[in-house]
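So the structure is just underneath, and the comments pick up after that.
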Amino acid sequence: MDFVTKKPTVAVLLPIQGIAMFLWWIAGSYLGFDLFASRSFLSSDNLCNPNFQGLGVHCWSDYYGPVNALESGNPYSISESTLYPPASLVPFMVFKLLTDVTGIPWLGLATYLLFMTSMISYSVWVGTNRQSFEQRVLIFSALVLLSPAVLITLDRGNNVGFLIPALVWLFSSIRNQKSSQTVFSLVLLSVIKPHYGVLALAFILAGRAKEGSKALGLEIILNILPFLLFWPREFPNNFYFWIITLVGYQDYGFVTSFWPQNMSFSQSIYLFFYSLHVATDSQLQPALSFIASIQGLWGFLVLLLVIALVCTFRKKLTLTQVSIMVVSAITMTSAITYLYYTIVAIPFLLILHKESKISSVVANKDQQNDIQDMRDNKIGFALWLASILTLVQFPVLIAQDSEYTLTTSSFIGGVWIICYAYIFAVLLRSREKSQKPQEK
């Protein structure tokens, strides 16, 4: 594929998924790997009461975790405080209410999963508008029906699935220049997962100060005010305990362990040096120990570099490119980023498929069209390829951790670091070309 002249397409995802499925068949049939646990999580994790929660041995732990925390009355005063701020807990309150009112234990969970599935499906279908029916079915199949990201998200019951409609709405509002919708979609992202509030700051740095400032202000209000509304007597203690729990999540797992799979920047950096360590006959143990000892800092360093990149080249990057770069960086900033977060690549592919380049209101109108077109196509291809490699898991057949096999998902953070570095090189090269005097 000539990425300079042709538009990235989602259709290529299907044959790539086919190759991955073939390799997984080999891993299971010939090498005896546990295919399901290797790609996702254990079915039985003892995080729910099997007598009236879950299905058999399976717990939808990321659903029942917040719901069980709400049962205590104050989810921030218990020994294992919830990571969710009150605004993010509201949907869980609603679905928990269904179970409480009807007395049917599984009704809240079933309705929650059905609603999330409907929102994902509807958003992807809407995101493929202006395509032929055959193309829409093809894209829908690749991004929803055959997507490990969607399956893992539903398997855990994590509310990260709602990021798809929020991101589809954000990209649509940018493309259609609907400022108010851009603000509300940014706020919705921060309500679903508070750390995506950083995207509003990126908008400010990218030259969209009005939209970014409005969104940032609303995000702060919506993520703090509910502490006062729901538990007024426990404020500011609840807010303090939530912050402590959120920061402490960096140590929820360790990059030294390769399962459950972790797609963070820190994990990829550790794996890179671990590979060198193995290749050099165990000569890099001090470096590995150092990386693991400050595992929570590497992601923040990469995020800061991405924001600096956006700020420096804000006149050459489109707002969609900025959004994809910053959202992906925020996603992998935490040292522990489990695989359901790969779902953010679905909206990325939808918008990259829809347009090969987007005119940005912050673009430098004096740039030569051919240089700008070439730059945007190269950046678009880099983001498209990183998104493809985020969604598809290939087994690393020579690597095992106990009975589980390592997959390429553990290298996703590294893929995006390479993507950012390539975009930086493209932007530097474009700047050099634009500064050369025009030949007559």
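Each chain of the structure tokens is named A, B, ... in the order shown, its residues numbered from 1; ligands are numbered from 1 in display order.
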
_Using only C-alpha atoms, which protein or nucleic acid residues come within 12 Å of Pro75 of chain A? Drop anything in the same chain fewer than 6 positions from it, and give the result as a count of residues only._
23

_alpha helix (DSSP H) per DSSP on the backbone: members of segment 16-87 of chain A, as a ChimeraX atom specification_ = /A:16-29,35-39,61-71,86-87

*Can you list, as number ranges by chain, every protein, DNA or RNA residue that comes within 8 Å of segment 419-432 of chain A when you count only C-alpha atoms, leaving out same-chain residues fewer than 4 positions away?*
A: 306, 309, 313, 316, 325, 371-372, 375, 378-379, 382-383, 386, 415, 436

*To one decimal place, how far is atom CA of Ser61 of chain A from atom CA of Thr390 of chain A in Å?*
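Result for atom CA of Ser61 of chain A versus atom CA of Thr390 of chain A: 23.5 Å, one decimal.
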
*Contact residues around Leu143 of chain A with only C-alpha atoms at 7 Å, ignoring same-chain residues under 4 positions, as a PyMOL selection string*: chain A and resi 139+147+346

_Measuring between only C-alpha atoms, which one of A:Phe411, A:Tyr338, A:Phe290, A:Tyr196 shows the shortest distance to Val326 of chain A?_
A:Tyr196

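Distances here use only C-alpha atoms; by that measure, the residue among A:Gly207, A:Pro226, A:Pro91, A:Pro105 closest to Asn159 of chain A is A:Pro91.
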
Pro347 of chain A: which residues within 10 Å, counting only C-alpha atoms, same-chain residues fewer than 2 positions away excluded, as a compact mmCIF listing (two decimals) with N, CA and C atoms, in the first residue's frame?
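Done, and the output landed in selection.txt:
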```txt
# COMPACT_ATOMS: atom_id res chain seq x y z
N SER A 123 -22.62 3.40 17.71
CA SER A 123 -21.59 4.40 17.43
C SER A 123 -20.74 4.01 16.23
N VAL A 124 -20.36 2.74 16.16
CA VAL A 124 -19.55 2.29 15.02
C VAL A 124 -20.36 2.37 13.73
N GLY A 127 -20.58 5.88 12.77
CA GLY A 127 -19.27 6.33 12.33
C GLY A 127 -18.90 5.90 10.93
N LEU A 143 -14.53 -4.19 13.32
CA LEU A 143 -14.32 -3.38 14.52
C LEU A 143 -15.17 -3.80 15.72
N LEU A 163 -16.25 4.77 26.04
CA LEU A 163 -15.34 5.70 25.38
C LEU A 163 -15.57 5.73 23.87
N ILE A 164 -16.07 4.63 23.31
CA ILE A 164 -16.29 4.59 21.86
C ILE A 164 -17.31 5.64 21.42
N PRO A 165 -18.53 5.66 21.98
CA PRO A 165 -19.46 6.72 21.55
C PRO A 165 -18.93 8.12 21.85
N ALA A 166 -18.24 8.29 22.98
CA ALA A 166 -17.72 9.62 23.31
C ALA A 166 -16.67 10.08 22.30
N LEU A 167 -15.77 9.17 21.89
CA LEU A 167 -14.73 9.53 20.93
C LEU A 167 -15.29 9.71 19.52
N VAL A 168 -16.25 8.86 19.15
CA VAL A 168 -16.90 9.03 17.84
C VAL A 168 -17.58 10.40 17.78
N TRP A 169 -18.25 10.77 18.85
CA TRP A 169 -18.90 12.09 18.93
C TRP A 169 -17.86 13.21 18.85
N LEU A 170 -16.74 13.04 19.55
CA LEU A 170 -15.68 14.06 19.52
C LEU A 170 -15.15 14.25 18.11
N PHE A 171 -14.79 13.17 17.45
CA PHE A 171 -14.22 13.28 16.10
C PHE A 171 -15.24 13.84 15.11
N ILE A 324 -6.03 12.11 18.59
CA ILE A 324 -5.62 10.70 18.56
C ILE A 324 -4.32 10.51 19.33
N ILE A 343 -9.70 -0.65 23.14
CA ILE A 343 -10.94 -0.27 22.48
C ILE A 343 -10.89 1.15 21.93
N VAL A 344 -9.98 2.00 22.44
CA VAL A 344 -9.90 3.38 21.94
C VAL A 344 -9.43 3.42 20.50
N ALA A 345 -8.79 2.35 20.02
CA ALA A 345 -8.30 2.32 18.64
C ALA A 345 -9.45 2.23 17.63
N LEU A 349 -9.61 4.37 14.09
CA LEU A 349 -9.66 3.79 12.74
C LEU A 349 -10.86 4.31 11.97
N LEU A 350 -11.97 4.54 12.65
CA LEU A 350 -13.15 5.06 11.97
C LEU A 350 -12.88 6.43 11.36
N ILE A 351 -12.26 7.34 12.13
CA ILE A 351 -12.04 8.68 11.60
C ILE A 351 -10.91 8.68 10.58
N LEU A 352 -9.88 7.85 10.76
CA LEU A 352 -8.79 7.78 9.80
C LEU A 352 -9.27 7.18 8.48
N HIS A 353 -10.21 6.26 8.57
CA HIS A 353 -10.79 5.68 7.37
C HIS A 353 -11.65 6.71 6.63
N SER A 387 -2.85 2.02 15.27
CA SER A 387 -4.19 1.62 15.70
C SER A 387 -4.48 0.17 15.31
```

*asked:* For a quick check of understanding, using only C-alpha atoms, which of A:Leu109, A:Val302, A:Leu389, A:Ala206 has the smallest distance to Thr318 of chain A?
replied: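 Nearest to Thr318 of chain A: A:Ala206.
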
*Distance criterion (only C-alpha atoms): nearest to Ala215 of chain A out of A:Ser180, A:Gln295, A:Ser173, A:Ser266*: A:Ser180

*If you measure from atom CA of Ser268 of chain A to atom CA of Phe300 of chain A, what distance in Å do you get, rounded to one decimal?*
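Result for atom CA of Ser268 of chain A versus atom CA of Phe300 of chain A: 14.0 Å, one decimal.
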